[in-house]
$ cat run.cif   # mmCIF, C-alpha atoms
data_protein
loop_
_atom_site.label_atom_id
_atom_site.label_comp_id
_atom_site.auth_asym_id
_atom_site.auth_seq_id
_atom_site.Cartn_x
_atom_site.Cartn_y
_atom_site.Cartn_z
CA ILE E 19 -12.57 -16.36 -4.79
CA MET E 20 -10.23 -17.63 -2.09
CA SER E 21 -11.97 -18.84 1.02
CA ARG E 22 -10.19 -17.38 4.02
CA ALA E 23 -11.22 -16.80 7.59
CA ARG E 24 -9.77 -13.28 7.68
CA PRO E 25 -9.59 -10.70 4.91
CA ASN E 26 -6.49 -9.42 3.16
CA ILE E 27 -5.98 -5.67 2.88
CA LEU E 28 -3.75 -3.65 0.59
CA VAL E 29 -2.67 -0.21 1.80
CA THR E 30 -1.23 1.78 -1.09
CA GLY E 31 -0.41 5.39 -1.90
CA THR E 32 2.42 7.68 -2.96
CA PRO E 33 5.58 7.43 -0.81
CA GLY E 34 5.15 9.55 2.34
CA THR E 35 1.37 9.13 2.65
CA GLY E 36 1.70 7.05 5.82
CA LYS E 37 1.33 3.48 4.53
CA THR E 38 3.83 1.84 6.84
CA SER E 39 2.72 3.61 10.03
CA THR E 40 -0.94 2.88 9.16
CA CYS E 41 -0.14 -0.79 8.52
CA GLU E 42 1.93 -1.12 11.70
CA ALA E 43 -0.91 0.37 13.77
CA LEU E 44 -3.46 -1.84 12.03
CA ALA E 45 -1.38 -5.00 12.50
CA SER E 46 -0.88 -4.19 16.16
CA ALA E 47 -4.62 -3.54 16.65
CA THR E 48 -5.83 -6.63 14.76
CA GLY E 49 -3.07 -9.23 14.93
CA PHE E 50 -2.88 -9.19 11.11
CA ARG E 51 0.49 -9.85 9.53
CA HIS E 52 2.06 -6.69 8.07
CA ILE E 53 4.09 -7.12 4.89
CA ASP E 54 6.10 -4.13 3.71
CA VAL E 55 6.77 -5.08 0.08
CA GLY E 56 9.74 -2.71 -0.23
CA ALA E 57 11.44 -4.30 2.79
CA LEU E 58 10.60 -7.82 1.54
CA VAL E 59 12.13 -7.03 -1.87
CA LYS E 60 15.36 -5.88 -0.20
CA GLU E 61 15.49 -8.69 2.35
CA LYS E 62 14.81 -11.55 -0.12
CA GLY E 63 16.51 -10.02 -3.17
CA LEU E 64 13.28 -9.98 -5.21
CA HIS E 65 14.63 -7.35 -7.60
CA GLU E 66 16.68 -6.90 -10.77
CA GLY E 67 19.15 -4.42 -9.32
CA LYS E 68 18.83 -0.72 -8.63
CA ASP E 69 17.47 2.10 -10.74
CA ALA E 70 20.29 4.63 -10.23
CA GLU E 71 18.20 7.53 -11.49
CA PHE E 72 15.46 7.10 -8.88
CA ASP E 73 17.59 5.33 -6.24
CA ALA E 74 15.09 2.46 -5.97
CA PHE E 75 15.12 -1.29 -6.55
CA ILE E 76 13.67 -2.57 -9.82
CA ILE E 77 11.14 -5.04 -8.44
CA ASP E 78 10.83 -8.51 -9.94
CA GLU E 79 7.03 -8.60 -9.80
CA ASP E 80 6.79 -12.33 -10.56
CA LYS E 81 9.19 -13.19 -7.73
CA VAL E 82 7.25 -10.96 -5.33
CA CYS E 83 3.96 -12.64 -6.26
CA ASP E 84 5.49 -16.13 -5.93
CA GLU E 85 6.85 -15.20 -2.49
CA LEU E 86 3.52 -13.78 -1.28
CA GLU E 87 1.07 -16.30 -2.77
CA PRO E 88 1.14 -18.88 0.10
CA ILE E 89 1.01 -16.10 2.70
CA MET E 90 -1.97 -14.41 1.02
CA GLU E 91 -3.90 -17.70 0.89
CA GLU E 92 -3.94 -17.77 4.71
CA GLY E 93 -5.71 -14.40 5.02
CA GLY E 94 -5.26 -11.83 7.77
CA VAL E 95 -2.54 -9.99 5.88
CA VAL E 96 -2.07 -6.25 5.44
CA VAL E 97 0.21 -5.45 2.50
CA ASP E 98 1.99 -2.12 2.26
CA HIS E 99 3.28 -0.93 -1.13
CA HIS E 100 3.35 2.25 -3.23
CA GLY E 101 2.20 0.40 -6.34
CA CYS E 102 -0.76 -1.91 -6.72
CA ASP E 103 -1.12 -2.94 -10.35
CA PHE E 104 0.82 -6.23 -10.34
CA PHE E 105 -0.81 -8.07 -7.43
CA PRO E 106 -3.51 -10.62 -8.34
CA GLU E 107 -6.93 -9.09 -7.81
CA ARG E 108 -8.11 -12.19 -5.90
CA TRP E 109 -5.67 -11.50 -3.08
CA PHE E 110 -7.44 -8.48 -1.63
CA ASP E 111 -10.80 -7.87 0.01
CA LEU E 112 -10.09 -4.19 0.67
CA VAL E 113 -7.77 -1.75 -1.12
CA VAL E 114 -7.02 1.44 0.81
CA VAL E 115 -5.46 4.35 -1.08
CA LEU E 116 -3.94 6.92 1.28
CA ARG E 117 -3.90 10.55 0.09
CA THR E 118 -1.86 13.41 1.54
CA ASP E 119 -1.91 17.13 0.76
CA ASN E 120 1.26 18.24 -1.02
CA SER E 121 1.97 20.92 1.59
CA ILE E 122 2.35 18.04 4.09
CA LEU E 123 3.81 15.45 1.72
CA TYR E 124 6.74 17.64 0.58
CA PRO E 125 8.28 18.12 4.05
CA ARG E 126 7.69 14.44 4.90
CA LEU E 127 9.74 13.41 1.86
CA GLU E 128 12.40 16.06 2.61
CA LYS E 129 12.81 14.55 6.09
CA ARG E 130 13.55 11.21 4.43
CA GLY E 131 16.47 12.84 2.65
CA TYR E 132 14.97 12.33 -0.81
CA ALA E 133 16.61 14.27 -3.65
CA VAL E 134 14.55 17.23 -4.91
CA ARG E 135 13.89 15.43 -8.19
CA LYS E 136 12.56 12.33 -6.38
CA ILE E 137 10.35 14.54 -4.18
CA GLN E 138 8.96 16.34 -7.23
CA GLU E 139 8.29 13.04 -8.98
CA ASN E 140 6.28 11.83 -5.97
CA ILE E 141 4.43 15.14 -5.61
CA ASP E 142 3.47 15.01 -9.30
CA CYS E 143 2.32 11.43 -8.78
CA GLU E 144 0.05 12.57 -5.94
CA ILE E 145 -1.31 15.58 -7.88
CA MET E 146 -2.18 13.36 -10.85
CA GLN E 147 -3.70 10.69 -8.57
CA VAL E 148 -1.53 8.03 -10.21
CA ILE E 149 -1.91 5.42 -7.46
CA LEU E 150 -5.64 6.03 -7.09
CA GLU E 151 -6.13 5.52 -10.83
CA GLU E 152 -3.91 2.42 -10.73
CA ALA E 153 -6.15 1.01 -7.99
CA HIS E 154 -9.31 1.77 -9.99
CA ASP E 155 -7.76 0.11 -13.05
CA SER E 156 -6.70 -2.99 -11.10
CA TYR E 157 -9.49 -3.75 -8.61
CA SER E 158 -13.24 -3.89 -8.36
CA GLN E 159 -14.55 -0.39 -7.52
CA HIS E 160 -16.52 -1.50 -4.47
CA ILE E 161 -13.43 -2.67 -2.54
CA ILE E 162 -11.46 0.59 -2.96
CA ARG E 163 -11.46 3.18 -0.16
CA GLU E 164 -9.70 6.51 -0.51
CA MET E 165 -8.58 7.93 2.86
CA GLN E 166 -6.97 11.25 3.80
CA SER E 167 -3.69 10.83 5.67
CA ASN E 168 -2.50 14.31 6.66
CA THR E 169 -2.40 14.10 10.46
CA VAL E 170 -1.97 11.64 13.32
CA GLU E 171 -5.73 11.98 13.89
CA ASP E 172 -6.39 11.00 10.26
CA ALA E 173 -4.17 7.95 10.69
CA GLU E 174 -5.95 6.88 13.89
CA ARG E 175 -9.36 7.35 12.28
CA ASN E 176 -8.27 5.38 9.22
CA VAL E 177 -7.15 2.46 11.39
CA GLU E 178 -10.48 2.56 13.27
CA GLU E 179 -12.44 2.63 9.99
CA ILE E 180 -10.49 -0.34 8.65
CA GLN E 181 -11.07 -2.23 11.91
CA THR E 182 -14.81 -1.57 11.58
CA TRP E 183 -14.64 -2.82 8.00
CA ILE E 184 -12.83 -6.02 9.16
CA ALA E 185 -15.53 -6.66 11.77
CA GLN E 186 -18.25 -6.27 9.11
CA TRP E 187 -16.35 -8.51 6.68
CA SER E 188 -15.93 -11.19 9.34
CA GLY E 189 -19.61 -11.07 10.28
CA ARG E 190 -20.95 -11.27 6.74
#

$ encode --input "run.cif" --output "structure tokens"
Amino acid sequence: IMSRARPNILVTGTPGTGKTSTCEALASATGFRHIDVGALVKEKGLHEGKDAEFDAFIIDEDKVCDELEPIMEEGGVVVDHHGCDFFPERWFDLVVVLRTDNSILYPRLEKRGYAVRKIQENIDCEIMQVILEEAHDSYSQHIIREMQSNTVEDAERNVEEIQTWIAQWSGR
């Protein structure tokens, strides 16, 4: 296991579950570095072009991992991505899976201007707990936390819970 002074945290979940706002709040509260993988992929060209059907970049997972490896070694990083199965398990001390009720998720995705088909795909993903299962298949069970992310209050509570977890991790 990597020896680091501060833990690394992955915040994952279906698009629209509040990953980026949770990570931004957490980074601002803790001084951790926030890495939005989607933005990094765009900015550094870590992709193999666009999937026209789903209007999304086809991520080059190896390039992403190569880019992140030295950063992850330092610790104190909160990574934000809707998938979680290609990151090395050793990178993370906590994996947070955000969950949102479909009645709330649908309008959030509509506001983003997603096509109906893309919204439905993401709703189905949430109903079938795809990301949660991916997390359970990829990481040790005891580091996974499932958190509801329906309201601003949920988001604030989640950030507080993660901060409490960080304090416990640091004091172990």

$ resolve_selection --input "run.cif" --expression "the PyMOL selection byres ((chain E and resi 61-71) around 10)" --output "list in words"
Val55, Gly56, Ala57, Leu58, Val59, Lys60, Phe72, Asp73, Ala74, Phe75, Ile76, Ile77, Asp78, Glu79, Asp80, Lys81, Val82, Cys83, Asp84, Glu85, Arg135 and Lys136 of chain E

$ write_last_selection --input "run.cif" --atoms "C-alpha atoms" --output "PDB file, in the frame of the given file"
ATOM      1  CA  VAL E  55       6.770  -5.080   0.080  1.00  0.00           C
ATOM      2  CA  GLY E  56       9.740  -2.710  -0.230  1.00  0.00           C
ATOM      3  CA  ALA E  57      11.440  -4.300   2.790  1.00  0.00           C
ATOM      4  CA  LEU E  58      10.600  -7.820   1.540  1.00  0.00           C
ATOM      5  CA  VAL E  59      12.130  -7.030  -1.870  1.00  0.00           C
ATOM      6  CA  LYS E  60      15.360  -5.880  -0.200  1.00  0.00           C
ATOM      7  CA  PHE E  72      15.460   7.100  -8.880  1.00  0.00           C
ATOM      8  CA  ASP E  73      17.590   5.330  -6.240  1.00  0.00           C
ATOM      9  CA  ALA E  74      15.090   2.460  -5.970  1.00  0.00           C
ATOM     10  CA  PHE E  75      15.120  -1.290  -6.550  1.00  0.00           C
ATOM     11  CA  ILE E  76      13.670  -2.570  -9.820  1.00  0.00           C
ATOM     12  CA  ILE E  77      11.140  -5.040  -8.440  1.00  0.00           C
ATOM     13  CA  ASP E  78      10.830  -8.510  -9.940  1.00  0.00           C
ATOM     14  CA  GLU E  79       7.030  -8.600  -9.800  1.00  0.00           C
ATOM     15  CA  ASP E  80       6.790 -12.330 -10.560  1.00  0.00           C
ATOM     16  CA  LYS E  81       9.190 -13.190  -7.730  1.00  0.00           C
ATOM     17  CA  VAL E  82       7.250 -10.960  -5.330  1.00  0.00           C
ATOM     18  CA  CYS E  83       3.960 -12.640  -6.260  1.00  0.00           C
ATOM     19  CA  ASP E  84       5.490 -16.130  -5.930  1.00  0.00           C
ATOM     20  CA  GLU E  85       6.850 -15.200  -2.490  1.00  0.00           C
ATOM     21  CA  ARG E 135      13.890  15.430  -8.190  1.00  0.00           C
ATOM     22  CA  LYS E 136      12.560  12.330  -6.380  1.00  0.00           C
TER      23      LYS E 136
END

$ resolve_selection --input "run.cif" --expression "the PyMOL selection byres ((chain E and resi 32) around 9)" --output "list in words"
Thr30, Gly31, Pro33, Gly34, Thr35, Gly36, Lys37, His99, His100, Gly101, Val115, Leu116, Arg117, Thr118, Asn140, Ile141, Cys143, Glu144, Gln147, Val148 and Ile149 of chain E

$ closest_residue --input "run.cif" --among "E:Leu112, E:Cys41, E:Val95, E:Ala23" --to "Ala153 of chain E" --atoms "all atoms listed in the file"
E:Leu112

$ closest_residue --input "run.cif" --among "E:Asn120, E:Met90, E:Ile137, E:Ser156" --to "Phe104 of chain E" --atoms "only C-alpha atoms"
E:Ser156

$ resolve_selection --input "run.cif" --expression "the PyMOL selection byres ((chain E and resi 161) around 10)" --output "PyMOL selection string"
chain E and resi 27+110-114+153-154+157-160+162-163

$ atom_distance --input "run.cif" --atom1 "atom CA of Thr38 of chain E" --atom2 "atom CA of Gln166 of chain E"
14.6 Å

$ atom_distance --input "run.cif" --atom1 "atom CA of Ser39 of chain E" --atom2 "atom CA of Val96 of chain E"
11.9 Å

$ atom_distance --input "run.cif" --atom1 "atom CA of Cys102 of chain E" --atom2 "atom CA of His52 of chain E"
15.8 Å

$ closest_residue --input "run.cif" --among "E:Ala173, E:Ile180, E:Leu150, E:Ala43" --to "Asn26 of chain E" --atoms "all atoms listed in the file"
E:Ile180

$ closest_residue --input "run.cif" --among "E:Leu123, E:Lys129, E:Leu28, E:Ser46" --to "Pro106 of chain E" --atoms "all atoms listed in the file"
E:Leu28

$ decode --input "run.cif" --residues "segment 58-74 of chain E" --atoms "N, CA, C and O atoms" --output "PDB file, in the first residue's frame"
ATOM      1  N   LEU E  58     -10.102  16.757 -17.215  1.00  0.00           N
ATOM      2  CA  LEU E  58      -8.693  16.413 -17.469  1.00  0.00           C
ATOM      3  C   LEU E  58      -8.540  15.741 -18.840  1.00  0.00           C
ATOM      4  O   LEU E  58      -7.626  16.054 -19.603  1.00  0.00           O
ATOM      5  N   VAL E  59      -9.463  14.839 -19.145  1.00  0.00           N
ATOM      6  CA  VAL E  59      -9.449  14.113 -20.424  1.00  0.00           C
ATOM      7  C   VAL E  59      -9.538  15.107 -21.585  1.00  0.00           C
ATOM      8  O   VAL E  59      -8.794  15.015 -22.562  1.00  0.00           O
ATOM      9  N   LYS E  60     -10.452  16.085 -21.453  1.00  0.00           N
ATOM     10  CA  LYS E  60     -10.626  17.102 -22.491  1.00  0.00           C
ATOM     11  C   LYS E  60      -9.384  17.974 -22.606  1.00  0.00           C
ATOM     12  O   LYS E  60      -8.844  18.183 -23.688  1.00  0.00           O
ATOM     13  N   GLU E  61      -8.937  18.472 -21.461  1.00  0.00           N
ATOM     14  CA  GLU E  61      -7.843  19.442 -21.397  1.00  0.00           C
ATOM     15  C   GLU E  61      -6.535  18.852 -21.931  1.00  0.00           C
ATOM     16  O   GLU E  61      -5.802  19.502 -22.669  1.00  0.00           O
ATOM     17  N   LYS E  62      -6.240  17.588 -21.582  1.00  0.00           N
ATOM     18  CA  LYS E  62      -4.954  16.978 -21.951  1.00  0.00           C
ATOM     19  C   LYS E  62      -5.062  16.039 -23.156  1.00  0.00           C
ATOM     20  O   LYS E  62      -4.093  15.382 -23.517  1.00  0.00           O
ATOM     21  N   GLY E  63      -6.273  15.941 -23.722  1.00  0.00           N
ATOM     22  CA  GLY E  63      -6.456  15.073 -24.888  1.00  0.00           C
ATOM     23  C   GLY E  63      -6.232  13.598 -24.587  1.00  0.00           C
ATOM     24  O   GLY E  63      -5.681  12.866 -25.411  1.00  0.00           O
ATOM     25  N   LEU E  64      -6.684  13.149 -23.417  1.00  0.00           N
ATOM     26  CA  LEU E  64      -6.467  11.754 -23.006  1.00  0.00           C
ATOM     27  C   LEU E  64      -7.615  10.860 -23.493  1.00  0.00           C
ATOM     28  O   LEU E  64      -8.198  10.109 -22.729  1.00  0.00           O
ATOM     29  N   HIS E  65      -7.936  10.997 -24.776  1.00  0.00           N
ATOM     30  CA  HIS E  65      -9.066  10.250 -25.334  1.00  0.00           C
ATOM     31  C   HIS E  65      -8.757   9.789 -26.743  1.00  0.00           C
ATOM     32  O   HIS E  65      -7.743  10.180 -27.331  1.00  0.00           O
ATOM     33  N   GLU E  66      -9.635   8.959 -27.272  1.00  0.00           N
ATOM     34  CA  GLU E  66      -9.484   8.419 -28.637  1.00  0.00           C
ATOM     35  C   GLU E  66     -10.590   8.959 -29.529  1.00  0.00           C
ATOM     36  O   GLU E  66     -11.169   8.222 -30.327  1.00  0.00           O
ATOM     37  N   GLY E  67     -10.929  10.227 -29.334  1.00  0.00           N
ATOM     38  CA  GLY E  67     -11.990  10.833 -30.132  1.00  0.00           C
ATOM     39  C   GLY E  67     -13.326  10.783 -29.412  1.00  0.00           C
ATOM     40  O   GLY E  67     -13.399  10.415 -28.245  1.00  0.00           O
ATOM     41  N   LYS E  68     -14.380  11.148 -30.138  1.00  0.00           N
ATOM     42  CA  LYS E  68     -15.700  11.242 -29.534  1.00  0.00           C
ATOM     43  C   LYS E  68     -16.611  10.107 -29.971  1.00  0.00           C
ATOM     44  O   LYS E  68     -16.553   9.679 -31.115  1.00  0.00           O
ATOM     45  N   ASP E  69     -17.437   9.660 -29.031  1.00  0.00           N
ATOM     46  CA  ASP E  69     -18.495   8.706 -29.345  1.00  0.00           C
ATOM     47  C   ASP E  69     -19.696   9.557 -29.757  1.00  0.00           C
ATOM     48  O   ASP E  69     -20.319  10.200 -28.912  1.00  0.00           O
ATOM     49  N   ALA E  70     -19.976   9.586 -31.064  1.00  0.00           N
ATOM     50  CA  ALA E  70     -21.033  10.460 -31.589  1.00  0.00           C
ATOM     51  C   ALA E  70     -22.389  10.091 -31.003  1.00  0.00           C
ATOM     52  O   ALA E  70     -23.203  10.962 -30.699  1.00  0.00           O
ATOM     53  N   GLU E  71     -22.616   8.803 -30.822  1.00  0.00           N
ATOM     54  CA  GLU E  71     -23.915   8.328 -30.352  1.00  0.00           C
ATOM     55  C   GLU E  71     -24.237   8.881 -28.963  1.00  0.00           C
ATOM     56  O   GLU E  71     -25.358   9.299 -28.696  1.00  0.00           O
ATOM     57  N   PHE E  72     -23.245   8.886 -28.077  1.00  0.00           N
ATOM     58  CA  PHE E  72     -23.502   9.342 -26.702  1.00  0.00           C
ATOM     59  C   PHE E  72     -22.910  10.718 -26.419  1.00  0.00           C
ATOM     60  O   PHE E  72     -22.952  11.196 -25.307  1.00  0.00           O
ATOM     61  N   ASP E  73     -22.341  11.362 -27.463  1.00  0.00           N
ATOM     62  CA  ASP E  73     -21.775  12.696 -27.325  1.00  0.00           C
ATOM     63  C   ASP E  73     -20.827  12.756 -26.124  1.00  0.00           C
ATOM     64  O   ASP E  73     -20.976  13.575 -25.234  1.00  0.00           O
ATOM     65  N   ALA E  74     -19.867  11.844 -26.099  1.00  0.00           N
ATOM     66  CA  ALA E  74     -18.903  11.787 -24.997  1.00  0.00           C
ATOM     67  C   ALA E  74     -17.552  11.331 -25.539  1.00  0.00           C
ATOM     68  O   ALA E  74     -17.489  10.615 -26.541  1.00  0.00           O
TER      69      ALA E  74
END
